[in-house]
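For reference, the structure discussed in these notes is given below.
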Amino acid sequence: MKENSHKNIGYVCSTLQCDRGLGSKVAMRWIDAHGSRTDFTFANLEQQSNRFANALVSNGVKKGDIFFTFLPKMPEQFFAFLGTLKTQAVCGTLFSNFGEDALLDRLGDSGAVGIITRKSLYKKVARIREQLPSLRFVILVDGEDDFAAGVLSYSRIMAEASDQYTVLPTSPDTPSVLHYTSGSTGKPKGVLHRHGSLPSQMATTAGVLGLTEDDIYWCTADQGWVTGTSYGIIGPWSLGVTQVHYGGGYDAQAWMDLLAAEKISVWYSAPTALRMLMREEEKIFTGANLASLRSIFSVGEPLNPEVIAWSQRLLKRDIYDTWFQTETGAIMIPNRPGIPIRPGSMGKPFDGIEPAILADDGTPVGDGEQGNLCLKVGWPSMFVTYLNNESAYNSKFKNGWYYTGDTARRDNDGYYWFMGRSDDVINTAGHLISPFEVESALLEVEEIAESGVIGAPDELLFEKVVAFVHLHERYQPSKDLEIKIRLHVSNRASSIATPQEIIFCEGIPKNKSGKIMRRVLKARYLGEDPGDTSTLEI
Ligand code: AMP
């Protein structure tokens, strides 16, 4: 039984580490937004995740059910994640800034049976709960007592649950983690992973990030996204590594103090955060004691060469850019220590990963030429499906190649260079935003007749969300209306999807079948030639 249990991610990240003699080792140093620290050992992780697993089972959760966390970064998030996986239910994670529409799409599509959240966020769930017939219960981390029917107190259920739990044999194909990702059309798609993803996450955590048991590691990613689960939970804990998790937001001085005080040796962050640091006063960095810091990694958006030059000058270290996506589950194309970096390049494929740059007809393009970035199928952490959307899943594969949706080129020396997306998805501060989702939220605003949303280049965020808005005749553009529109998108979709720029216009260009021509809007925004507009209706 132990043999098979080894493939369970929850088991490997806690029980197995205790069995290896690491029970008293710090697994997570939790630092809250005010800077106060609490250490959790691997034995604590084991006990808390066992309690959570037992609590789920006593509330009727079964193998294959879908359970979500909807929390900011906080210790309970980690216990719930591992505990859910131990029961062989699927754990989905939701970004805590999501608004009602975003929640409804994800909880509704997945048929989630339960969710763990906190009082301030529960309000959003309460407003849509009637539309979620499968959602049987909600757990509130800050509820001292059960709140109402089906709204349970975390402290009560954890106190009543045993800290002993036997993980049942788990096949590599048992579904594990669920993250929703945005496309340029339709609703977000539920990317489903399996417990058998573990070898990819372990191999890349060791082979790219270079983590060993002696490291102290900090990953800034939120657990709502794949980096936060693959490299903020699974990879490091499966290798017995101590992680620092910080509940505060961006603050350059606090971050440098944390790197120094906690003696972080490996730091995984993102280009927008690094670009924000680059704008700060130099003395914050020249005064920081970063003696323990061995390497810095980045993921999520292109990393500008200027950021690497800044880091080399002030932090005295390279930054290793890495490329992967929700669907790949683990790092595919990274820069890593030991291989000279080419600033601006995503690096070279990880061991066992075979990328190709293919033309739309599937033929390989020559080195130096732009094409679709594809991956030969078959690495362990490859997603299993898009939940309830097999046709979208199938459309991503052709002749044994997975089409990533990115365009890239390879140079003569085998380095890969990101060029862009082959669809209209917007990447703002590393978060993929669907223009369709923003347009849908905009259409709910009474004054708006139609809208078209694009991503436009931005120095800080890589791309910003720009909304072209056509008002009904009886309404006039105004500052107040702009605020109303922004608030609405923030409440319905999320704060990151909120348009940075709103452009009032007389009509939205569409083709004859009514499809919004975002390409034309983008050209208009950039002052470029929109190309062939012969199929345009407006
Ligand atoms: P997600 O699935 O939300 O993690 O987003 C994955 C997408 O983010 C990729 O398909 C790329 O478009 C983008 N991305 C991730 N890492 C990088 C990188 N290192 N350089 C450029 N784009 C990246």
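Chain identifiers are assigned as A, B, and so on, following the order in which chains appear in the structure tokens; residues are numbered from 1 within each chain, and ligands are numbered from 1 in order of appearance.
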Can you tell me which residues sit at most 8 Å away from ligand 1, counting only C-alpha atoms and all ligand atoms, written as a VMD selection string? chain A and resid 181 to 182 225 to 227 298 to 303 321 to 327 334 345 to 346 404 to 406 418 to 421 427 430 to 432
Report as JSON, numbers by chain all protein, DNA and RNA residues lying within 12 Å of A:Gly210, evaluated on only C-alpha atoms, omitting residues in the same chain fewer than 4 positions from it. {"A": [202, 203, 204, 205, 206, 214, 215, 216, 217, 235, 236, 239, 241, 265, 266, 267, 268, 294, 295, 296, 297, 320, 335, 336, 337, 338]}
Rounded to one decimal in Å, what is the spacing between atom CA of A:Lys464 and atom CA of A:Pro530?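 Interatomic distance, atom CA of A:Lys464 to atom CA of A:Pro530: 19.7 Å.
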DSSP says helix (DSSP H, G or I) for which residues of stretch 65-289 of chain A? Put them as a count of residues only? 91
In stretch 26-100 of chain A, what's strand (DSSP E or B) per DSSP? Answer as a PDB file with C-alpha atoms, in the first residue's frame?
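Listing of result-v5.pdb after writing:
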ATOM      1  CA  VAL A  26      10.613  23.494   9.432  1.00  0.00           C
ATOM      2  CA  ALA A  27       8.510  22.984   6.311  1.00  0.00           C
ATOM      3  CA  MET A  28       6.964  26.448   6.279  1.00  0.00           C
ATOM      4  CA  ARG A  29       8.079  29.628   7.937  1.00  0.00           C
ATOM      5  CA  TRP A  30       4.917  31.713   7.782  1.00  0.00           C
ATOM      6  CA  ILE A  31       5.466  35.482   7.922  1.00  0.00           C
ATOM      7  CA  ARG A  37       6.667  34.574  12.098  1.00  0.00           C
ATOM      8  CA  THR A  38       5.272  31.128  12.847  1.00  0.00           C
ATOM      9  CA  ASP A  39       7.117  27.945  12.007  1.00  0.00           C
ATOM     10  CA  PHE A  40       5.318  24.785  10.889  1.00  0.00           C
ATOM     11  CA  THR A  41       7.317  21.565  10.799  1.00  0.00           C
ATOM     12  CA  ILE A  66     -13.838  18.796  -6.575  1.00  0.00           C
ATOM     13  CA  PHE A  67     -13.015  21.054  -3.643  1.00  0.00           C
ATOM     14  CA  PHE A  68     -11.690  24.616  -3.892  1.00  0.00           C
ATOM     15  CA  THR A  69      -9.552  26.910  -1.796  1.00  0.00           C
ATOM     16  CA  PHE A  70     -10.513  30.585  -2.092  1.00  0.00           C
ATOM     17  CA  VAL A  90      -9.368  17.224  -6.671  1.00  0.00           C
ATOM     18  CA  CYS A  91      -8.099  20.505  -5.224  1.00  0.00           C
ATOM     19  CA  GLY A  92      -8.833  23.636  -7.246  1.00  0.00           C
ATOM     20  CA  THR A  93      -7.362  26.951  -6.148  1.00  0.00           C
ATOM     21  CA  LEU A  94      -9.036  30.318  -6.713  1.00  0.00           C
ATOM     22  CA  PHE A  98     -11.818  36.936  -8.135  1.00  0.00           C
TER      23      PHE A  98
END
May I have the residues within 8 Å of A:Gly455 as a count of residues only, using only C-alpha atoms and disregarding those fewer than 4 positions away in the same chain? 10
At a cut-off of 9 Å, using only C-alpha atoms, what residues contact A:Ile448? Leave out same-chain residues fewer than 4 positions from it and give the result as a PyMOL selection string. chain A and resi 442-444+469-472+475
Dump of all heavy atoms for the selected residues, as a PDB file, in the first residue's frame:
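Once everything was written out, this is again-v4.pdb:
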ATOM      1  N   LEU A 442     -18.242  43.991 -19.212  1.00  0.00           N
ATOM      2  CA  LEU A 442     -18.550  45.353 -19.661  1.00  0.00           C
ATOM      3  C   LEU A 442     -19.993  45.449 -20.177  1.00  0.00           C
ATOM      4  O   LEU A 442     -20.686  46.446 -19.948  1.00  0.00           O
ATOM      5  CB  LEU A 442     -17.581  45.778 -20.774  1.00  0.00           C
ATOM      6  CG  LEU A 442     -16.145  46.057 -20.315  1.00  0.00           C
ATOM      7  CD1 LEU A 442     -15.215  46.205 -21.517  1.00  0.00           C
ATOM      8  CD2 LEU A 442     -16.088  47.312 -19.449  1.00  0.00           C
ATOM      9  N   LEU A 443     -20.438  44.390 -20.838  1.00  0.00           N
ATOM     10  CA  LEU A 443     -21.788  44.426 -21.409  1.00  0.00           C
ATOM     11  C   LEU A 443     -22.875  44.457 -20.333  1.00  0.00           C
ATOM     12  O   LEU A 443     -24.020  44.790 -20.614  1.00  0.00           O
ATOM     13  CB  LEU A 443     -22.011  43.239 -22.340  1.00  0.00           C
ATOM     14  CG  LEU A 443     -21.269  43.333 -23.668  1.00  0.00           C
ATOM     15  CD1 LEU A 443     -21.669  42.200 -24.589  1.00  0.00           C
ATOM     16  CD2 LEU A 443     -21.531  44.683 -24.348  1.00  0.00           C
ATOM     17  N   GLU A 444     -22.502  44.107 -19.103  1.00  0.00           N
ATOM     18  CA  GLU A 444     -23.481  44.159 -18.010  1.00  0.00           C
ATOM     19  C   GLU A 444     -23.695  45.593 -17.519  1.00  0.00           C
ATOM     20  O   GLU A 444     -24.618  45.864 -16.769  1.00  0.00           O
ATOM     21  CB  GLU A 444     -23.000  43.305 -16.829  1.00  0.00           C
ATOM     22  CG  GLU A 444     -22.975  41.819 -17.122  1.00  0.00           C
ATOM     23  CD  GLU A 444     -22.223  41.037 -16.055  1.00  0.00           C
ATOM     24  OE1 GLU A 444     -21.638  41.666 -15.144  1.00  0.00           O
ATOM     25  OE2 GLU A 444     -22.222  39.817 -16.135  1.00  0.00           O
ATOM     26  N   VAL A 469     -15.051  51.149 -25.760  1.00  0.00           N
ATOM     27  CA  VAL A 469     -16.425  51.078 -25.281  1.00  0.00           C
ATOM     28  C   VAL A 469     -17.318  51.975 -26.122  1.00  0.00           C
ATOM     29  O   VAL A 469     -17.001  53.151 -26.333  1.00  0.00           O
ATOM     30  CB  VAL A 469     -16.450  51.525 -23.795  1.00  0.00           C
ATOM     31  CG1 VAL A 469     -17.847  51.866 -23.362  1.00  0.00           C
ATOM     32  CG2 VAL A 469     -15.864  50.439 -22.910  1.00  0.00           C
ATOM     33  N   HIS A 470     -18.407  51.395 -26.623  1.00  0.00           N
ATOM     34  CA  HIS A 470     -19.379  52.172 -27.394  1.00  0.00           C
ATOM     35  C   HIS A 470     -20.643  52.289 -26.544  1.00  0.00           C
ATOM     36  O   HIS A 470     -21.233  51.267 -26.175  1.00  0.00           O
ATOM     37  CB  HIS A 470     -19.646  51.440 -28.727  1.00  0.00           C
ATOM     38  CG  HIS A 470     -20.732  52.044 -29.547  1.00  0.00           C
ATOM     39  ND1 HIS A 470     -21.506  51.314 -30.412  1.00  0.00           N
ATOM     40  CD2 HIS A 470     -21.185  53.320 -29.631  1.00  0.00           C
ATOM     41  CE1 HIS A 470     -22.384  52.099 -30.990  1.00  0.00           C
ATOM     42  NE2 HIS A 470     -22.208  53.329 -30.529  1.00  0.00           N
ATOM     43  N   LEU A 471     -21.033  53.519 -26.220  1.00  0.00           N
ATOM     44  CA  LEU A 471     -22.173  53.714 -25.315  1.00  0.00           C
ATOM     45  C   LEU A 471     -23.494  53.748 -26.090  1.00  0.00           C
ATOM     46  O   LEU A 471     -23.525  54.124 -27.273  1.00  0.00           O
ATOM     47  CB  LEU A 471     -22.018  55.045 -24.566  1.00  0.00           C
ATOM     48  CG  LEU A 471     -20.784  55.183 -23.673  1.00  0.00           C
ATOM     49  CD1 LEU A 471     -20.777  56.569 -23.004  1.00  0.00           C
ATOM     50  CD2 LEU A 471     -20.717  54.088 -22.615  1.00  0.00           C
ATOM     51  N   HIS A 472     -24.579  53.394 -25.403  1.00  0.00           N
ATOM     52  CA  HIS A 472     -25.908  53.617 -25.975  1.00  0.00           C
ATOM     53  C   HIS A 472     -26.058  55.112 -26.224  1.00  0.00           C
ATOM     54  O   HIS A 472     -25.503  55.934 -25.476  1.00  0.00           O
ATOM     55  CB  HIS A 472     -26.997  53.167 -24.989  1.00  0.00           C
ATOM     56  CG  HIS A 472     -27.081  51.678 -24.865  1.00  0.00           C
ATOM     57  ND1 HIS A 472     -27.521  50.872 -25.888  1.00  0.00           N
ATOM     58  CD2 HIS A 472     -26.784  50.856 -23.815  1.00  0.00           C
ATOM     59  CE1 HIS A 472     -27.490  49.607 -25.483  1.00  0.00           C
ATOM     60  NE2 HIS A 472     -27.046  49.565 -24.238  1.00  0.00           N
ATOM     61  N   TYR A 475     -26.310  58.059 -23.607  1.00  0.00           N
ATOM     62  CA  TYR A 475     -25.297  58.273 -22.561  1.00  0.00           C
ATOM     63  C   TYR A 475     -24.067  58.985 -23.110  1.00  0.00           C
ATOM     64  O   TYR A 475     -23.704  58.828 -24.276  1.00  0.00           O
ATOM     65  CB  TYR A 475     -24.879  56.937 -21.946  1.00  0.00           C
ATOM     66  CG  TYR A 475     -26.009  56.248 -21.224  1.00  0.00           C
ATOM     67  CD1 TYR A 475     -26.590  55.095 -21.759  1.00  0.00           C
ATOM     68  CD2 TYR A 475     -26.495  56.746 -20.020  1.00  0.00           C
ATOM     69  CE1 TYR A 475     -27.632  54.456 -21.098  1.00  0.00           C
ATOM     70  CE2 TYR A 475     -27.534  56.114 -19.358  1.00  0.00           C
ATOM     71  CZ  TYR A 475     -28.097  54.970 -19.895  1.00  0.00           C
ATOM     72  OH  TYR A 475     -29.122  54.347 -19.245  1.00  0.00           O
TER      73      TYR A 475
END
Which one is closest to A:Pro169: A:Ala126, A:Met276, A:Leu121, A:Ile9? Count only C-alpha atoms.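 The shortest atom-to-atom distance to A:Pro169 comes from A:Ile9.
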Please provide the set of residues having any atom within 9 Å of A:Asn97, restricted to only C-alpha atoms, with same-chain residues fewer than 3 positions apart removed, written as a list in words.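 Selected residues are Pro72, Leu94, Leu121, Ser490, Asn491, Ala493, Ser494, Ser495 and Ile496 of chain A.
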Output for the residues just chosen: N, CA and C atoms as a PDB file, in the first residue's frame:
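In the end it all went to part.pdb:
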ATOM      1  N   PRO A  72      -6.536  34.111   0.497  1.00  0.00           N
ATOM      2  CA  PRO A  72      -5.231  34.724   0.253  1.00  0.00           C
ATOM      3  C   PRO A  72      -4.163  33.784   0.795  1.00  0.00           C
ATOM      4  N   LEU A  94      -8.456  29.099  -6.121  1.00  0.00           N
ATOM      5  CA  LEU A  94      -9.036  30.318  -6.713  1.00  0.00           C
ATOM      6  C   LEU A  94      -8.298  31.538  -6.182  1.00  0.00           C
ATOM      7  N   LEU A 121     -14.380  37.105   2.167  1.00  0.00           N
ATOM      8  CA  LEU A 121     -14.544  36.640   0.788  1.00  0.00           C
ATOM      9  C   LEU A 121     -15.842  35.863   0.615  1.00  0.00           C
ATOM     10  N   SER A 490     -14.036  44.961 -11.833  1.00  0.00           N
ATOM     11  CA  SER A 490     -13.298  44.455 -10.674  1.00  0.00           C
ATOM     12  C   SER A 490     -14.175  43.533  -9.828  1.00  0.00           C
ATOM     13  N   ASN A 491     -15.420  43.931  -9.600  1.00  0.00           N
ATOM     14  CA  ASN A 491     -16.318  43.110  -8.782  1.00  0.00           C
ATOM     15  C   ASN A 491     -16.759  41.836  -9.481  1.00  0.00           C
ATOM     16  N   ALA A 493     -15.260  40.345 -12.471  1.00  0.00           N
ATOM     17  CA  ALA A 493     -14.164  39.475 -12.956  1.00  0.00           C
ATOM     18  C   ALA A 493     -13.063  39.442 -11.898  1.00  0.00           C
ATOM     19  N   SER A 494     -12.176  40.426 -11.907  1.00  0.00           N
ATOM     20  CA  SER A 494     -11.185  40.537 -10.829  1.00  0.00           C
ATOM     21  C   SER A 494     -10.469  41.865 -10.990  1.00  0.00           C
ATOM     22  N   SER A 495      -9.736  42.261  -9.950  1.00  0.00           N
ATOM     23  CA  SER A 495      -9.066  43.560 -10.021  1.00  0.00           C
ATOM     24  C   SER A 495      -8.004  43.554 -11.120  1.00  0.00           C
ATOM     25  N   ILE A 496      -7.400  42.394 -11.381  1.00  0.00           N
ATOM     26  CA  ILE A 496      -6.361  42.390 -12.415  1.00  0.00           C
ATOM     27  C   ILE A 496      -6.941  42.495 -13.830  1.00  0.00           C
TER      28      ILE A 496
END
Which residues come within 7 Å of A:Gly247, counting only C-alpha atoms, excluding same-chain residues fewer than 5 positions away, as a VMD selection string? chain A and resid 31 to 33 73 to 74
From the options A:Pro380, A:Gly114, A:Gly249, A:Pro75, which residue's atoms come nearest to A:Arg194, counting only C-alpha atoms?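 Comparing A:Pro380, A:Gly114, A:Gly249, A:Pro75 against A:Arg194, the winner is A:Pro380.
Across the structure, atom CA of A:Val438 and atom CA of A:Ser478 are spaced 19.8 Å apart.
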Quick one: residues within 8 Å of A:Val113, only C-alpha atoms counted, chain neighbours fewer than 6 positions away excluded, as an NGL selection string? :A and (61 or 65-67 or 134-137)
What does the file look like for those residues with N, CA and C atoms, as a tab-separated table (two decimals), in the first residue's frame?
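Final file, again_18.tsv:
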chain	number	residue	atom	x	y	z
A	61	VAL	N	-17.05	14.13	1.46
A	61	VAL	CA	-16.23	14.29	0.24
A	61	VAL	C	-15.64	12.94	-0.15
A	65	ASP	N	-14.32	14.01	-6.17
A	65	ASP	CA	-15.06	15.26	-5.95
A	65	ASP	C	-14.11	16.44	-6.14
A	66	ILE	N	-14.69	17.61	-6.39
A	66	ILE	CA	-13.84	18.80	-6.58
A	66	ILE	C	-14.07	19.76	-5.43
A	67	PHE	N	-12.97	20.15	-4.79
A	67	PHE	CA	-13.01	21.05	-3.64
A	67	PHE	C	-12.08	22.22	-3.95
A	134	SER	N	-24.44	22.16	-6.78
A	134	SER	CA	-23.54	21.10	-6.31
A	134	SER	C	-22.78	21.50	-5.05
A	135	LEU	N	-22.72	22.79	-4.77
A	135	LEU	CA	-21.88	23.26	-3.64
A	135	LEU	C	-22.60	22.95	-2.33
A	136	ARG	N	-22.12	21.89	-1.63
A	136	ARG	CA	-22.83	21.44	-0.43
A	136	ARG	C	-22.38	22.18	0.82
A	137	PHE	N	-21.11	22.58	0.88
A	137	PHE	CA	-20.67	23.24	2.11
A	137	PHE	C	-19.52	24.20	1.86
